[in-house]
Amino acid sequence: MVFVAVVFGFLGVLLILLGVWGTRRNERLGVVPGWDERSIERRSATLRRGAYACIGAGVVFIVLAVVSLVYRPDTTNCPPNSVQCAAECSATHQCAFPRPKN
């Protein structure tokens, strides 16, 4: 779970930084030589929306990273070496996938 939190946190920070960079530079990124003023404004607005979407996605990734650190499923009574059972073990300690018989 810690690895997932680190990866999600890194992706979240990366997306937020990309979004902030895009919002600050959308006027320069939207300029295309030969385009009229209205087209440049529309392109800048599109870039600004994309930058805000990156910021929003980054926040979601950071929230997911925090949730993955806080939420720990109870796997105390799951059979050993059962990855599927460990992932699905409920609070009642009844596994959704029984251990295969040898």
# chains A, B, ... in the order shown; residues from 1 in each chain; ligands from 1

call {"tool": "residues_around", "arguments": {"residues": "stretch 22-30 of chain A", "least_positions_apart": "2", "cutoff": "12 Å", "atoms": "only C-alpha atoms", "output": "JSON, numbers by chain"}}
result
{"A": [15, 16, 17, 18, 19, 20, 32, 33, 35, 36, 37, 38, 39, 40, 41, 42, 43, 44, 45, 46, 47, 48, 49, 50, 51, 52, 53, 54, 55]}

call {"tool": "write_last_selection", "arguments": {"atoms": "C-alpha atoms", "output": "CSV table (one decimal), in the first residue's frame"}}
result
chain,number,residue,atom,x,y,z
A,15,LEU,CA,-0.2,16.7,-12.7
A,16,ILE,CA,-0.6,19.7,-10.4
A,17,LEU,CA,2.7,21.1,-11.5
A,18,LEU,CA,1.8,20.6,-15.1
A,19,GLY,CA,-1.6,22.3,-14.6
A,20,VAL,CA,0.0,25.3,-12.8
A,32,VAL,CA,-0.2,30.6,-33.5
A,33,PRO,CA,1.3,32.9,-36.3
A,35,TRP,CA,-4.4,33.2,-36.6
A,36,ASP,CA,-6.9,35.9,-35.9
A,37,GLU,CA,-7.5,37.1,-32.3
A,38,ARG,CA,-10.7,35.2,-31.8
A,39,SER,CA,-9.0,31.8,-32.7
A,40,ILE,CA,-6.1,32.6,-30.4
A,41,GLU,CA,-8.5,33.4,-27.5
A,42,ARG,CA,-10.4,30.1,-28.1
A,43,ARG,CA,-7.2,28.1,-28.1
A,44,SER,CA,-6.0,29.8,-24.9
A,45,ALA,CA,-9.4,29.0,-23.2
A,46,THR,CA,-9.0,25.4,-24.3
A,47,LEU,CA,-5.5,25.2,-22.9
A,48,ARG,CA,-6.7,26.8,-19.7
A,49,ARG,CA,-9.4,24.2,-19.3
A,50,GLY,CA,-6.9,21.4,-19.9
A,51,ALA,CA,-4.6,22.9,-17.2
A,52,TYR,CA,-7.5,23.0,-14.7
A,53,ALA,CA,-8.3,19.4,-15.6
A,54,CYS,CA,-4.7,18.5,-14.8
A,55,ILE,CA,-4.9,20.2,-11.5

call {"tool": "residues_around", "arguments": {"residues": "A:Met1", "least_positions_apart": "6", "cutoff": "12 Å", "atoms": "only C-alpha atoms", "output": "CSV table (one decimal) with N, CA and C atoms, in the first residue's frame"}}
result
chain,number,residue,atom,x,y,z
A,7,VAL,N,3.5,6.2,-5.5
A,7,VAL,CA,3.3,6.4,-7.0
A,7,VAL,C,2.1,7.4,-7.2
A,8,PHE,N,1.0,7.2,-6.5
A,8,PHE,CA,-0.1,8.1,-6.7
A,8,PHE,C,0.2,9.5,-6.3
A,64,LEU,N,-6.4,9.9,-3.4
A,64,LEU,CA,-6.2,8.4,-3.4
A,64,LEU,C,-5.0,7.9,-2.7
A,65,ALA,N,-3.9,8.7,-2.8
A,65,ALA,CA,-2.7,8.3,-2.1
A,65,ALA,C,-2.9,8.3,-0.6
A,66,VAL,N,-3.6,9.3,-0.1
A,66,VAL,CA,-3.8,9.4,1.3
A,66,VAL,C,-4.8,8.3,1.7
A,67,VAL,N,-5.8,8.0,0.9
A,67,VAL,CA,-6.7,7.0,1.3
A,67,VAL,C,-6.0,5.6,1.3
A,68,SER,N,-5.1,5.4,0.4
A,68,SER,CA,-4.4,4.1,0.4
A,68,SER,C,-3.5,4.0,1.5
A,69,LEU,N,-3.0,5.1,2.1
A,69,LEU,CA,-2.2,5.0,3.3
A,69,LEU,C,-3.1,4.7,4.6
A,70,VAL,N,-4.3,5.3,4.6
A,70,VAL,CA,-5.1,5.2,5.8
A,70,VAL,C,-5.9,3.9,5.8
A,71,TYR,N,-6.4,3.5,4.7
A,71,TYR,CA,-7.3,2.3,4.6
A,71,TYR,C,-6.4,1.1,4.6
A,72,ARG,N,-6.6,0.2,5.5
A,72,ARG,CA,-5.8,-1.1,5.6
A,72,ARG,C,-6.9,-2.2,5.8
A,73,PRO,N,-7.1,-3.0,4.7
A,73,PRO,CA,-8.0,-4.1,4.9
A,73,PRO,C,-7.5,-5.1,5.9
A,87,ALA,N,-6.9,-9.9,-0.8
A,87,ALA,CA,-7.4,-8.6,-1.3
A,87,ALA,C,-8.9,-8.6,-1.0

call {"tool": "atom_distance", "arguments": {"atom1": "atom CA of A:Val59", "atom2": "atom CA of A:Val6"}}
result
14.1 Å

call {"tool": "select_by_dssp", "arguments": {"residues": "stretch 41-79 of chain A", "states": "alpha helix (DSSP H)", "output": "ChimeraX atom specification"}}
result
/A:41-70

call {"tool": "atom_distance", "arguments": {"atom1": "atom CA of A:Val13", "atom2": "atom CA of A:Val60"}}
result
10.4 Å

call {"tool": "closest_residue", "arguments": {"among": "A:Val31, A:Val2, A:Leu11, A:Trp21", "to": "A:Phe61", "atoms": "only C-alpha atoms"}}
result
A:Leu11
